>>> print(open('structure.cif').read())   # mmCIF, C-alpha atoms
data_upload
#
loop_
_atom_site.label_atom_id
_atom_site.label_comp_id
_atom_site.auth_asym_id
_atom_site.auth_seq_id
_atom_site.Cartn_x
_atom_site.Cartn_y
_atom_site.Cartn_z
CA MET A 106 0.00 0.00 0.00
CA ASP A 107 2.78 2.37 0.92
CA GLU A 108 4.79 1.38 -2.15
CA ASN A 109 1.87 2.00 -4.49
CA SER A 110 1.18 5.26 -2.77
CA GLY A 111 4.80 6.35 -3.27
CA GLU A 112 4.73 5.46 -6.96
CA SER A 113 1.46 7.30 -7.34
CA LYS A 114 3.00 10.45 -5.85
CA LYS A 115 6.00 10.14 -8.17
CA LEU A 116 3.69 9.76 -11.16
CA LYS A 117 1.72 12.85 -10.14
CA ARG A 118 4.92 14.84 -9.74
CA SER A 119 6.21 13.75 -13.12
CA HIS A 120 2.93 14.70 -14.79
CA ALA A 121 3.07 18.10 -13.10
CA VAL A 122 6.59 18.65 -14.44
CA ASP A 123 5.65 17.38 -17.88
CA ARG A 124 2.70 19.72 -18.16
CA LEU A 125 5.04 22.66 -17.73
CA SER A 126 7.99 21.27 -19.65
CA HIS A 127 5.85 20.34 -22.64
CA LEU A 128 4.75 23.91 -23.17
CA PRO A 129 6.20 25.63 -26.26
CA ASP A 130 9.59 27.20 -25.57
CA ASN A 131 8.35 30.71 -26.32
CA VAL A 132 5.63 30.31 -23.65
CA ILE A 133 8.19 29.11 -21.12
CA HIS A 134 10.48 32.01 -21.99
CA HIS A 135 7.61 34.43 -21.38
CA ILE A 136 6.90 32.88 -17.97
CA LEU A 137 10.57 33.04 -17.02
CA SER A 138 10.80 36.69 -18.05
CA PHE A 139 8.95 37.65 -14.84
CA LEU A 140 11.79 36.31 -12.68
CA ASP A 141 14.89 38.19 -11.59
CA THR A 142 18.12 36.80 -13.07
CA LYS A 143 19.16 35.04 -9.86
CA SER A 144 15.90 33.06 -9.70
CA LEU A 145 16.08 32.56 -13.43
CA VAL A 146 19.40 30.74 -13.26
CA ARG A 147 18.08 28.49 -10.49
CA THR A 148 15.51 27.01 -12.89
CA SER A 149 18.37 25.18 -14.59
CA LEU A 150 18.26 22.67 -11.71
CA LEU A 151 14.75 21.47 -12.55
CA SER A 152 15.65 19.08 -15.35
CA ARG A 153 17.95 18.52 -18.30
CA LYS A 154 15.62 20.44 -20.58
CA TRP A 155 15.63 23.43 -18.24
CA ARG A 156 19.40 23.50 -17.96
CA SER A 157 19.83 26.13 -20.65
CA LEU A 158 16.32 27.55 -21.10
CA TRP A 159 17.17 30.64 -19.04
CA LYS A 160 19.80 31.61 -21.60
CA HIS A 161 17.07 32.18 -24.17
CA VAL A 162 14.99 34.61 -22.11
CA PRO A 163 15.02 38.08 -23.78
CA VAL A 164 14.56 39.89 -20.44
CA LEU A 165 17.26 40.82 -17.92
CA ASN A 166 16.01 41.67 -14.42
CA PHE A 167 18.96 42.54 -12.17
CA VAL A 168 17.80 43.10 -8.56
CA GLN A 169 20.51 43.80 -6.01
CA SER A 170 18.33 43.09 -2.97
CA SER A 171 18.54 39.34 -3.62
CA PHE A 172 22.31 39.37 -2.99
CA PRO A 173 24.16 39.59 0.37
CA ASN A 174 26.60 42.27 -0.79
CA LEU A 175 27.57 44.47 -3.70
CA LEU A 176 30.54 42.33 -4.76
CA SER A 177 28.43 39.21 -5.24
CA PHE A 178 25.86 41.22 -7.20
CA THR A 179 28.54 42.66 -9.51
CA LYS A 180 29.99 39.19 -10.14
CA HIS A 181 26.51 37.90 -10.89
CA VAL A 182 25.96 40.61 -13.52
CA HIS A 183 29.25 39.73 -15.22
CA ARG A 184 28.47 35.99 -15.11
CA ILE A 185 25.03 36.45 -16.68
CA LEU A 186 26.31 38.63 -19.49
CA SER A 187 29.15 36.24 -20.30
CA THR A 188 27.00 33.07 -20.18
CA ARG A 189 23.86 34.01 -22.13
CA TYR A 190 23.58 32.93 -25.74
CA ARG A 191 24.98 35.70 -27.92
CA SER A 192 22.29 35.35 -30.57
CA VAL A 193 19.38 35.92 -28.13
CA PRO A 194 18.17 39.54 -28.27
CA VAL A 195 17.48 41.57 -25.14
CA SER A 196 14.15 43.37 -25.29
CA SER A 197 13.89 44.52 -21.65
CA ILE A 198 16.31 45.52 -18.87
CA THR A 199 15.53 46.18 -15.21
CA PHE A 200 18.38 47.42 -13.02
CA LYS A 201 17.23 47.86 -9.42
CA ILE A 202 19.78 48.67 -6.74
CA ARG A 203 19.62 49.67 -3.08
CA GLU A 204 23.27 50.61 -2.44
CA ASP A 205 23.65 54.30 -1.56
CA LYS A 206 27.43 54.41 -2.11
CA TRP A 207 28.35 52.66 -5.32
CA ALA A 208 30.70 54.56 -7.60
CA GLY A 209 30.43 51.96 -10.33
CA ALA A 210 26.63 51.79 -10.53
CA MET A 211 26.31 53.79 -13.74
CA LYS A 212 29.22 51.94 -15.36
CA THR A 213 27.59 48.60 -14.57
CA PHE A 214 24.29 49.86 -15.95
CA GLU A 215 26.03 51.10 -19.08
CA LYS A 216 27.71 47.71 -19.53
CA ILE A 217 24.34 45.94 -19.43
CA VAL A 218 22.77 48.33 -21.94
CA LYS A 219 25.73 48.04 -24.32
CA TYR A 220 25.50 44.27 -24.04
CA ALA A 221 21.85 44.45 -25.11
CA TYR A 222 22.82 46.41 -28.20
CA SER A 223 25.83 44.32 -29.23
CA HIS A 224 24.24 40.87 -28.73
CA GLY A 225 21.50 39.67 -31.02
CA GLY A 226 18.99 41.70 -32.97
CA GLY A 227 15.25 41.32 -33.02
CA GLY A 228 14.26 44.97 -32.86
CA GLY A 229 16.51 46.17 -30.06
CA LEU A 230 15.85 47.19 -26.47
CA ARG A 231 12.23 48.23 -25.93
CA HIS A 232 11.94 48.58 -22.15
CA LEU A 233 14.46 50.14 -19.77
CA SER A 234 14.09 50.44 -16.01
CA PHE A 235 16.65 51.93 -13.60
CA ILE A 236 15.53 52.22 -9.98
CA HIS A 237 17.77 53.20 -7.06
CA ASN A 238 17.31 54.74 -3.63
CA LYS A 239 19.89 57.40 -2.80
CA LEU A 240 22.46 57.65 -5.57
CA GLN A 241 22.77 61.03 -7.27
CA PHE A 242 22.06 60.60 -10.97
CA SER A 243 20.45 62.90 -13.51
CA ILE A 244 18.60 62.33 -16.75
CA ARG A 245 21.80 63.34 -18.55
CA ASP A 246 23.46 60.13 -17.33
CA VAL A 247 20.72 57.93 -18.77
CA THR A 248 20.64 59.94 -21.99
CA ASN A 249 24.37 59.42 -22.49
CA VAL A 250 24.05 55.67 -21.96
CA VAL A 251 21.07 55.34 -24.33
CA SER A 252 22.65 57.44 -27.08
CA ALA A 253 26.02 55.69 -26.79
CA SER A 254 24.33 52.30 -27.08
CA HIS A 255 22.20 53.37 -30.08
CA HIS A 256 18.95 52.26 -28.46
CA GLN A 257 17.09 55.52 -29.03
CA GLU A 258 15.33 54.16 -32.12
CA SER A 259 13.87 51.11 -30.33
CA LEU A 260 13.16 52.25 -26.76
CA LYS A 261 9.41 52.39 -26.10
CA THR A 262 9.01 52.32 -22.30
CA LEU A 263 11.20 53.90 -19.62
CA LYS A 264 11.01 53.68 -15.83
CA LEU A 265 13.29 55.74 -13.57
CA GLY A 266 13.49 56.12 -9.80
CA THR A 267 15.25 58.85 -7.78
CA PHE A 268 16.65 60.87 -10.67
CA THR A 269 17.07 64.60 -11.13
CA PHE A 270 15.71 66.24 -14.28
CA GLU A 271 17.54 69.49 -14.84
CA ARG A 272 16.18 69.72 -18.36
CA GLU A 273 13.40 68.30 -20.52
CA PHE A 274 13.62 64.94 -22.28
CA ASP A 275 15.50 65.30 -25.54
CA SER A 276 15.16 63.64 -28.95
CA HIS A 277 16.86 60.44 -27.76
CA PHE A 278 13.53 59.45 -26.20
CA LYS A 279 11.23 60.73 -28.92
CA LEU A 280 9.67 57.29 -29.57
CA LEU A 281 8.73 56.62 -25.95
CA THR A 282 5.12 55.52 -25.50
CA ALA A 283 5.18 54.90 -21.72
CA LEU A 284 7.10 56.70 -18.96
CA GLU A 285 7.14 56.15 -15.19
CA LEU A 286 9.02 58.38 -12.75
CA SER A 287 9.18 57.80 -8.99
CA ASP A 288 10.86 59.95 -6.32
CA CYS A 289 12.28 62.21 -9.02
CA LEU A 290 13.14 65.91 -8.75
CA LEU A 291 12.13 68.10 -11.68
CA LYS A 292 14.60 70.94 -11.62
CA PRO A 293 14.27 73.59 -14.37
CA CYS A 294 17.41 75.39 -15.45
CA SER A 295 15.86 78.85 -15.28
CA THR A 296 13.73 79.74 -12.26
CA GLY A 297 10.51 81.64 -12.81
CA GLU A 298 9.85 80.07 -16.22
CA PRO A 299 7.35 77.22 -16.76
CA PHE A 300 9.09 73.86 -17.06
CA ASP A 301 7.69 71.30 -19.53
CA PRO A 302 9.93 68.21 -19.27
CA PHE A 303 7.73 66.07 -21.54
CA ALA A 304 7.31 68.45 -24.47
CA ASN A 305 9.72 66.48 -26.69
CA LEU A 306 7.93 63.14 -26.33
CA PRO A 307 5.44 63.22 -29.23
CA CYS A 308 4.51 59.51 -28.99
CA LEU A 309 3.89 59.37 -25.24
CA ASN A 310 0.58 57.62 -24.40
CA TYR A 311 1.07 56.75 -20.73
CA LEU A 312 2.68 58.86 -17.99
CA LYS A 313 2.94 57.99 -14.30
CA LEU A 314 4.50 60.30 -11.69
CA VAL A 315 4.85 59.00 -8.12
CA CYS A 316 6.27 61.02 -5.21
CA CYS A 317 7.89 63.53 -7.56
CA SER A 318 8.50 67.22 -6.87
CA VAL A 319 9.57 70.47 -8.50
CA SER A 320 12.37 72.63 -7.15
CA GLY A 321 12.06 76.40 -6.96
CA GLN A 322 8.26 76.52 -6.77
CA GLY A 323 6.89 80.03 -7.14
CA THR A 324 3.49 81.67 -7.00
CA GLY A 325 2.78 81.08 -10.71
CA ILE A 326 2.65 77.92 -12.84
CA GLY A 327 5.98 76.18 -12.42
CA LEU A 328 5.35 72.86 -14.16
CA ILE A 329 3.53 72.02 -17.37
CA ILE A 330 2.62 68.43 -18.12
CA SER A 331 1.88 68.27 -21.82
CA GLY A 332 1.34 65.48 -24.32
CA LEU A 333 -0.36 65.67 -27.69
CA GLU A 334 -0.89 61.88 -27.75
CA LEU A 335 -1.19 61.33 -23.99
CA LEU A 336 -4.11 59.02 -23.15
CA ASP A 337 -3.49 57.98 -19.53
CA LEU A 338 -2.01 60.18 -16.78
CA GLN A 339 -1.40 59.14 -13.17
CA ILE A 340 -0.05 61.56 -10.56
CA LYS A 341 0.33 60.12 -7.06
CA ARG A 342 1.56 61.92 -3.92
CA SER A 343 3.58 64.45 -5.89
CA SER A 344 4.19 68.07 -4.91
CA PHE A 345 4.32 70.41 -7.91
CA GLY A 346 3.00 73.67 -6.53
CA ILE A 347 0.80 75.35 -9.13
CA TYR A 348 0.94 73.30 -12.32
CA GLU A 349 -0.98 72.80 -15.54
CA VAL A 350 -1.94 69.70 -17.52
CA ILE A 351 -2.38 70.10 -21.29
CA ALA A 352 -3.43 66.85 -22.97
CA PRO A 353 -6.10 67.21 -25.69
CA LYS A 354 -6.53 63.43 -26.15
CA LEU A 355 -6.33 62.32 -22.51
CA LYS A 356 -8.96 59.71 -21.65
CA SER A 357 -8.06 58.70 -18.09
CA LEU A 358 -6.79 60.82 -15.17
CA TYR A 359 -5.74 59.49 -11.76
CA LEU A 360 -4.84 62.27 -9.35
CA LEU A 361 -3.93 61.35 -5.77
CA GLY A 362 -2.85 64.56 -4.09
CA ASP A 363 -0.15 64.82 -1.47
CA ASP A 364 -1.06 65.66 2.11
CA TYR A 365 1.12 68.77 2.15
CA ASP A 366 0.37 70.07 -1.35
CA PRO A 367 -2.68 72.40 -1.22
CA TYR A 368 -2.63 73.33 -4.90
CA VAL A 369 -5.30 72.30 -7.38
CA PRO A 370 -3.93 71.87 -10.92
CA LYS A 371 -5.12 73.77 -13.95
CA LEU A 372 -6.52 71.28 -16.45
CA ASN A 373 -7.03 71.41 -20.22
CA LEU A 374 -8.54 67.99 -20.98
CA PRO A 375 -11.35 68.22 -23.55
CA ALA A 376 -11.47 64.46 -24.31
CA LEU A 377 -11.40 63.14 -20.73
CA ASP A 378 -13.66 60.12 -20.06
CA HIS A 379 -12.66 58.80 -16.63
CA ALA A 380 -11.26 60.70 -13.65
CA ASN A 381 -10.18 59.36 -10.27
CA ILE A 382 -9.49 62.34 -8.01
CA ARG A 383 -8.45 62.67 -4.39
CA LEU A 384 -8.96 66.22 -3.14
CA VAL A 385 -6.50 67.11 -0.38
CA SER A 386 -6.20 70.68 0.80
CA ASP A 387 -5.89 72.80 3.92
CA ILE A 388 -9.00 74.97 3.80
CA PRO A 389 -8.12 78.39 5.30
CA TYR A 390 -10.01 80.01 8.17
CA GLY A 391 -10.54 83.50 6.75
CA TYR A 392 -13.75 84.16 4.77
CA ALA A 393 -11.96 85.73 1.79
CA GLU A 394 -9.41 82.93 1.60
CA LEU A 395 -12.14 80.33 2.03
CA LYS A 396 -14.17 81.79 -0.82
CA GLU A 397 -11.12 81.82 -3.12
CA GLU A 398 -10.35 78.23 -2.17
CA HIS A 399 -13.88 77.18 -3.09
CA ARG A 400 -13.69 79.08 -6.37
CA ARG A 401 -10.56 77.19 -7.31
CA TYR A 402 -12.37 73.93 -6.63
CA MET A 403 -15.17 75.06 -8.92
CA ASP A 404 -12.71 75.84 -11.71
CA PHE A 405 -11.06 72.48 -11.14
CA LEU A 406 -14.31 70.54 -11.32
CA GLY A 407 -15.35 72.55 -14.37
CA ALA A 408 -12.23 71.29 -16.18
CA LEU A 409 -13.57 67.73 -15.76
CA ARG A 410 -16.78 68.62 -17.62
CA ASN A 411 -16.54 65.85 -20.24
CA VAL A 412 -16.08 62.88 -17.90
CA GLU A 413 -18.45 59.94 -18.05
CA CYS A 414 -17.19 58.34 -14.83
CA LEU A 415 -15.98 60.45 -11.91
CA LEU A 416 -14.57 59.13 -8.64
CA LEU A 417 -13.87 61.70 -5.92
CA ARG A 418 -11.95 60.71 -2.79
CA PHE A 419 -11.98 62.94 0.25
CA ASP A 420 -9.32 62.65 2.92
CA GLU A 421 -10.02 62.72 6.64
CA ALA A 422 -7.91 65.87 7.01
CA ILE A 423 -10.47 67.91 5.09
CA TYR A 424 -13.06 67.42 7.80
CA GLY A 425 -10.79 68.60 10.61
CA LEU A 426 -11.74 72.29 10.23
CA ASP A 427 -15.47 71.58 10.22
CA GLU A 428 -16.79 71.11 13.74
CA GLU A 429 -20.12 69.78 12.46
CA GLY A 430 -18.46 67.15 10.27
CA ASP A 431 -20.16 68.62 7.23
CA PHE A 432 -19.16 67.51 3.73
CA PRO A 433 -16.76 70.15 2.29
CA LEU A 434 -18.65 70.60 -0.98
CA ASN A 435 -21.76 71.49 1.03
CA ARG A 436 -20.02 74.73 2.00
CA ILE A 437 -19.97 75.97 -1.58
CA LYS A 438 -23.69 75.75 -2.28
CA ALA A 439 -23.77 79.52 -2.68
CA LEU A 440 -21.21 79.29 -5.44
CA ILE A 441 -22.57 76.34 -7.37
CA LYS A 442 -26.28 77.14 -7.17
CA PRO A 443 -26.36 80.02 -9.70
CA GLU A 444 -23.95 78.30 -12.08
CA THR A 445 -24.82 76.07 -15.01
CA PRO A 446 -23.71 72.54 -14.15
CA PRO A 447 -20.59 71.81 -16.21
CA PHE A 448 -20.93 68.03 -16.64
CA THR A 449 -22.55 67.12 -19.95
CA ARG A 450 -21.77 63.37 -20.19
CA LEU A 451 -21.63 62.22 -16.57
CA LYS A 452 -23.14 58.77 -15.99
CA THR A 453 -21.41 57.57 -12.82
CA LEU A 454 -20.39 59.55 -9.74
CA LYS A 455 -18.69 57.83 -6.82
CA MET A 456 -17.51 59.53 -3.64
CA GLN A 457 -15.15 57.79 -1.24
CA PHE A 458 -14.34 59.01 2.26
CA VAL A 459 -11.10 58.08 3.99
CA GLY A 460 -10.83 57.66 7.75
CA LEU A 461 -14.45 58.37 8.66
CA GLU A 462 -16.66 56.15 10.80
CA LYS A 463 -19.86 57.14 9.01
CA LEU A 464 -20.86 58.78 5.76
CA PRO A 465 -21.36 62.56 5.85
CA ASN A 466 -24.60 64.29 4.93
CA ILE A 467 -24.60 65.60 1.39
CA HIS A 468 -26.99 68.36 0.33
CA TYR A 469 -29.20 67.79 -2.67
CA GLU A 470 -27.80 70.86 -4.45
CA VAL A 471 -24.39 69.21 -4.57
CA ILE A 472 -25.71 66.05 -6.23
CA ARG A 473 -27.77 68.13 -8.65
CA TYR A 474 -24.68 70.17 -9.53
CA PHE A 475 -23.03 67.04 -10.94
CA PHE A 476 -25.96 65.43 -12.74
CA GLU A 477 -28.33 68.19 -13.80
CA GLY A 478 -26.37 69.19 -16.91
CA SER A 479 -25.74 65.64 -18.16
CA LEU A 480 -27.28 64.98 -21.58
CA SER A 481 -26.85 61.22 -21.24
CA THR A 482 -30.15 59.33 -21.40
CA GLU A 483 -28.74 56.36 -19.51
CA GLU A 484 -29.57 55.76 -15.87
CA LYS A 485 -27.29 57.72 -13.53
CA LEU A 486 -25.34 56.07 -10.72
CA PHE A 487 -24.47 57.87 -7.50
CA GLN A 488 -22.55 55.92 -4.86
CA LEU A 489 -21.03 56.69 -1.43
CA GLU A 490 -18.36 54.53 0.16
CA LEU A 491 -16.14 54.48 3.26
CA VAL A 492 -12.54 53.38 2.62
CA THR A 493 -9.27 53.10 4.51
CA ASP A 494 -5.82 54.39 3.57
CA LYS A 495 -4.74 50.85 2.71
CA GLN A 496 -7.37 50.61 0.00
CA TYR A 497 -5.51 53.15 -2.11
#
>>> encode(input="structure.cif", output="C-alpha cells")
Amino acid sequence: MDENSGESKKLKRSHAVDRLSHLPDNVIHHILSFLDTKSLVRTSLLSRKWRSLWKHVPVLNFVQSSFPNLLSFTKHVHRILSTRYRSVPVSSITFKIREDKWAGAMKTFEKIVKYAYSHGGGGGLRHLSFIHNKLQFSIRDVTNVVSASHHQESLKTLKLGTFTFEREFDSHFKLLTALELSDCLLKPCSTGEPFDPFANLPCLNYLKLVCCSVSGQGTGIGLIISGLELLDLQIKRSSFGIYEVIAPKLKSLYLLGDDYDPYVPKLNLPALDHANIRLVSDIPYGYAELKEEHRRYMDFLGALRNVECLLLRFDEAIYGLDEEGDFPLNRIKALIKPETPPFTRLKTLKMQFVGLEKLPNIHYEVIRYFFEGSLSTEEKLFQLELVTDKQY
C-alpha cells in the first residue's frame, strides 16, 4: 500500500513537471521573463531540458536586494552577461539597486545596456528600467548611456526612480510611449519660467509620476505636463505647486494629491472620459481665503466637464476644520447654485471618504450640480463609500 502510494505520488509529480515542460519554448520564456536573473538561473536545476532555457529569455532583471553584498551582485551581472547565448536579443532591462554608495553603478548599468545592443537583434531594447534609492544621478546620465548604445530608435518604455531632471527629455527618447518616474526631482534650469519636461515626447501615451517634486516653486505655474498623444495620466503623492496639464486626447486621469500640497492643478482635458481624483487641501479660516479656495475647486471641477465616470476621494484631514463634520462641498452651495452645471456626459459619480466612521450628509444641491447638466439618457449612478488608507 505504501509502495503503491509512493509510486502514485511520483507519477503525479512527473505529470506536473511534464505539463510545464511540454509547453512551447516561447511560452516558457515568457513565464521566465517575470523572474529576476538570480531566480532565473536556479531554474536550470529542474531538469535537463531546463538546464539552458534561461539563456534564451530576452529579459534581464537585475535586482541587487537578492544578494548579500555588492561584490556578489557585480559578479553575478558579469556571469550572466558572459553566459547568455549571444544570438538571443534583449528586449527589456531592469536594473534595481539599493546601495547608496556605489561609484560603479552607472558603469555597470552602461555595460548591461551596451551588451543588449551588441548581442543579437530582433528589434533592439524596448523597455528600460533603472531604480535606485539614494544615488545622485540625472537624466543626462541615462541619456548618455542610451545614445552611446544606439537604443534611441527602439526604446518604447522607460522607468526611472530617484533621478534629477535638470532639463526636458531630448530627442533620444522621442519614440517613448510609456514613462514612469518615482521619487524624481524636476529641476528647471531657469527659475521663474514654466518647465515642460515632456514636451519632446510626441509619442507618449502613458505617464505615471509617483512622489515627484519640483524645485524652486513660485506663485505662478511652475510645471507644465503636456502630451499631444497622452491618453493615460497618473499623478500620485507628488508636490508640484501650481501646475498645468495640457493633454487634448487624454482619456483617463488618476490624481492622488499629497497631504502637504494644497494646490489644485489647472486642467485642459477636452477628451477626458474617466477621472479618479483625491482632493486634499488645507482649507483656510478666513472668509476671503475660504471663498477663493472654493472658487478654485469650482474651476477644477469645471475642467472635468466631459467625464463619463468620476470618482472623488476625500481625505479625513479635510473634515478637521469643520466642527459639524459637514461635507466640504456642502459649504460651496452659494457658489454652485447660480452656475450652469458643467458636466454634460456624466453617468457615474462615486464619492469615497477616507478615515471616517460614518458617511457625511450631502446636500441635494451638490448632487444636482453634478448630474443636472448631463445629456446622457442612460440611468445615472451615485454611490457613497467608506474606505481606509490601505485601500488606495
>>> atom_distance(input="structure.cif", atom1="CA of Phe448 (chain A)", atom2="CA of Arg383 (chain A)")
18.3 Å
>>> atom_distance(input="structure.cif", atom1="CA of Leu377 (chain A)", atom2="CA of Leu489 (chain A)")
22.5 Å
>>> residues_around(input="structure.cif", residues="Leu360 (chain A)", least_positions_apart="5", cutoff="8 Å", atoms="only C-alpha atoms", output="list in words")
Gln339, Ile340, Lys341, Ala380, Asn381, Ile382 and Arg383 of chain A
>>> closest_residue(input="structure.cif", among="A:Met456, A:Ile329, A:Leu145, A:Leu128", to="Pro293 (chain A)", atoms="all atoms listed in the file")
A:Ile329
>>> closest_residue(input="structure.cif", among="A:Leu140, A:Leu372, A:Cys317, A:Ala283", to="Ile330 (chain A)", atoms="all atoms listed in the file")
A:Leu372
>>> atom_distance(input="structure.cif", atom1="CA of His224 (chain A)", atom2="CA of Ser259 (chain A)")
14.7 Å
>>> build_atoms(input="structure.cif", residues="region 199-207 of chain A", atoms="all heavy atoms", output="mmCIF file, in the coordinates of the input")
data_model
loop_
_atom_site.group_PDB
_atom_site.id
_atom_site.type_symbol
_atom_site.label_atom_id
_atom_site.label_comp_id
_atom_site.auth_asym_id
_atom_site.auth_seq_id
_atom_site.Cartn_x
_atom_site.Cartn_y
_atom_site.Cartn_z
ATOM 1 N N THR A 199 15.853 45.556 -16.495
ATOM 2 C CA THR A 199 15.530 46.180 -15.210
ATOM 3 C C THR A 199 16.787 46.142 -14.346
ATOM 4 O O THR A 199 17.382 45.082 -14.153
ATOM 5 C CB THR A 199 14.393 45.436 -14.491
ATOM 6 O OG1 THR A 199 13.194 45.572 -15.258
ATOM 7 C CG2 THR A 199 14.163 46.021 -13.109
ATOM 8 N N PHE A 200 17.183 47.297 -13.849
ATOM 9 C CA PHE A 200 18.380 47.420 -13.020
ATOM 10 C C PHE A 200 17.957 48.120 -11.735
ATOM 11 O O PHE A 200 17.777 49.334 -11.696
ATOM 12 C CB PHE A 200 19.442 48.231 -13.766
ATOM 13 C CG PHE A 200 20.792 48.254 -13.094
ATOM 14 C CD1 PHE A 200 21.489 47.086 -12.850
ATOM 15 C CD2 PHE A 200 21.368 49.458 -12.723
ATOM 16 C CE1 PHE A 200 22.737 47.106 -12.241
ATOM 17 C CE2 PHE A 200 22.619 49.489 -12.122
ATOM 18 C CZ PHE A 200 23.304 48.305 -11.881
ATOM 19 N N LYS A 201 17.758 47.336 -10.666
ATOM 20 C CA LYS A 201 17.230 47.860 -9.420
ATOM 21 C C LYS A 201 18.242 47.652 -8.306
ATOM 22 O O LYS A 201 18.596 46.525 -7.970
ATOM 23 C CB LYS A 201 15.923 47.143 -9.066
ATOM 24 C CG LYS A 201 15.156 47.772 -7.920
ATOM 25 C CD LYS A 201 13.802 47.107 -7.753
ATOM 26 C CE LYS A 201 12.990 47.774 -6.647
ATOM 27 N NZ LYS A 201 11.659 47.142 -6.492
ATOM 28 N N ILE A 202 18.726 48.743 -7.740
ATOM 29 C CA ILE A 202 19.780 48.670 -6.740
ATOM 30 C C ILE A 202 19.368 49.431 -5.479
ATOM 31 O O ILE A 202 18.581 50.375 -5.537
ATOM 32 C CB ILE A 202 21.111 49.230 -7.272
ATOM 33 C CG1 ILE A 202 20.931 50.662 -7.765
ATOM 34 C CG2 ILE A 202 21.659 48.351 -8.380
ATOM 35 C CD1 ILE A 202 22.207 51.294 -8.264
ATOM 36 N N ARG A 203 19.925 49.023 -4.349
ATOM 37 C CA ARG A 203 19.620 49.670 -3.080
ATOM 38 C C ARG A 203 20.839 50.366 -2.475
ATOM 39 O O ARG A 203 20.731 51.102 -1.511
ATOM 40 C CB ARG A 203 19.085 48.645 -2.088
ATOM 41 C CG ARG A 203 20.098 47.563 -1.731
ATOM 42 C CD ARG A 203 19.680 46.787 -0.495
ATOM 43 N NE ARG A 203 20.733 45.869 -0.089
ATOM 44 C CZ ARG A 203 20.609 44.554 -0.085
ATOM 45 N NH1 ARG A 203 19.484 44.006 -0.484
ATOM 46 N NH2 ARG A 203 21.607 43.776 0.312
ATOM 47 N N GLU A 204 22.033 50.073 -3.009
ATOM 48 C CA GLU A 204 23.270 50.610 -2.440
ATOM 49 C C GLU A 204 23.315 52.123 -2.591
ATOM 50 O O GLU A 204 23.075 52.675 -3.664
ATOM 51 C CB GLU A 204 24.471 49.995 -3.164
ATOM 52 C CG GLU A 204 25.805 50.245 -2.499
ATOM 53 C CD GLU A 204 25.954 49.472 -1.197
ATOM 54 O OE1 GLU A 204 25.369 48.390 -1.085
ATOM 55 O OE2 GLU A 204 26.663 49.976 -0.316
ATOM 56 N N ASP A 205 23.608 52.846 -1.492
ATOM 57 C CA ASP A 205 23.650 54.300 -1.560
ATOM 58 C C ASP A 205 25.054 54.847 -1.812
ATOM 59 O O ASP A 205 25.224 56.044 -1.994
ATOM 60 C CB ASP A 205 23.078 54.915 -0.272
ATOM 61 C CG ASP A 205 23.828 54.466 0.967
ATOM 62 O OD1 ASP A 205 24.676 53.563 0.847
ATOM 63 O OD2 ASP A 205 23.563 55.015 2.044
ATOM 64 N N LYS A 206 26.063 53.974 -1.812
ATOM 65 C CA LYS A 206 27.430 54.410 -2.110
ATOM 66 C C LYS A 206 28.074 53.392 -3.046
ATOM 67 O O LYS A 206 28.760 52.456 -2.624
ATOM 68 C CB LYS A 206 28.252 54.531 -0.810
ATOM 69 C CG LYS A 206 27.776 55.631 0.126
ATOM 70 C CD LYS A 206 28.646 55.715 1.371
ATOM 71 C CE LYS A 206 28.153 56.807 2.306
ATOM 72 N NZ LYS A 206 28.976 56.905 3.539
ATOM 73 N N TRP A 207 27.820 53.565 -4.306
ATOM 74 C CA TRP A 207 28.350 52.660 -5.320
ATOM 75 C C TRP A 207 28.824 53.477 -6.508
ATOM 76 O O TRP A 207 28.037 53.871 -7.360
ATOM 77 C CB TRP A 207 27.303 51.639 -5.732
ATOM 78 C CG TRP A 207 27.821 50.594 -6.678
ATOM 79 C CD1 TRP A 207 29.115 50.307 -6.963
ATOM 80 C CD2 TRP A 207 27.045 49.711 -7.476
ATOM 81 N NE1 TRP A 207 29.213 49.299 -7.884
ATOM 82 C CE2 TRP A 207 27.944 48.907 -8.203
ATOM 83 C CE3 TRP A 207 25.677 49.508 -7.640
ATOM 84 C CZ2 TRP A 207 27.528 47.931 -9.105
ATOM 85 C CZ3 TRP A 207 25.266 48.533 -8.523
ATOM 86 C CH2 TRP A 207 26.167 47.749 -9.240
#
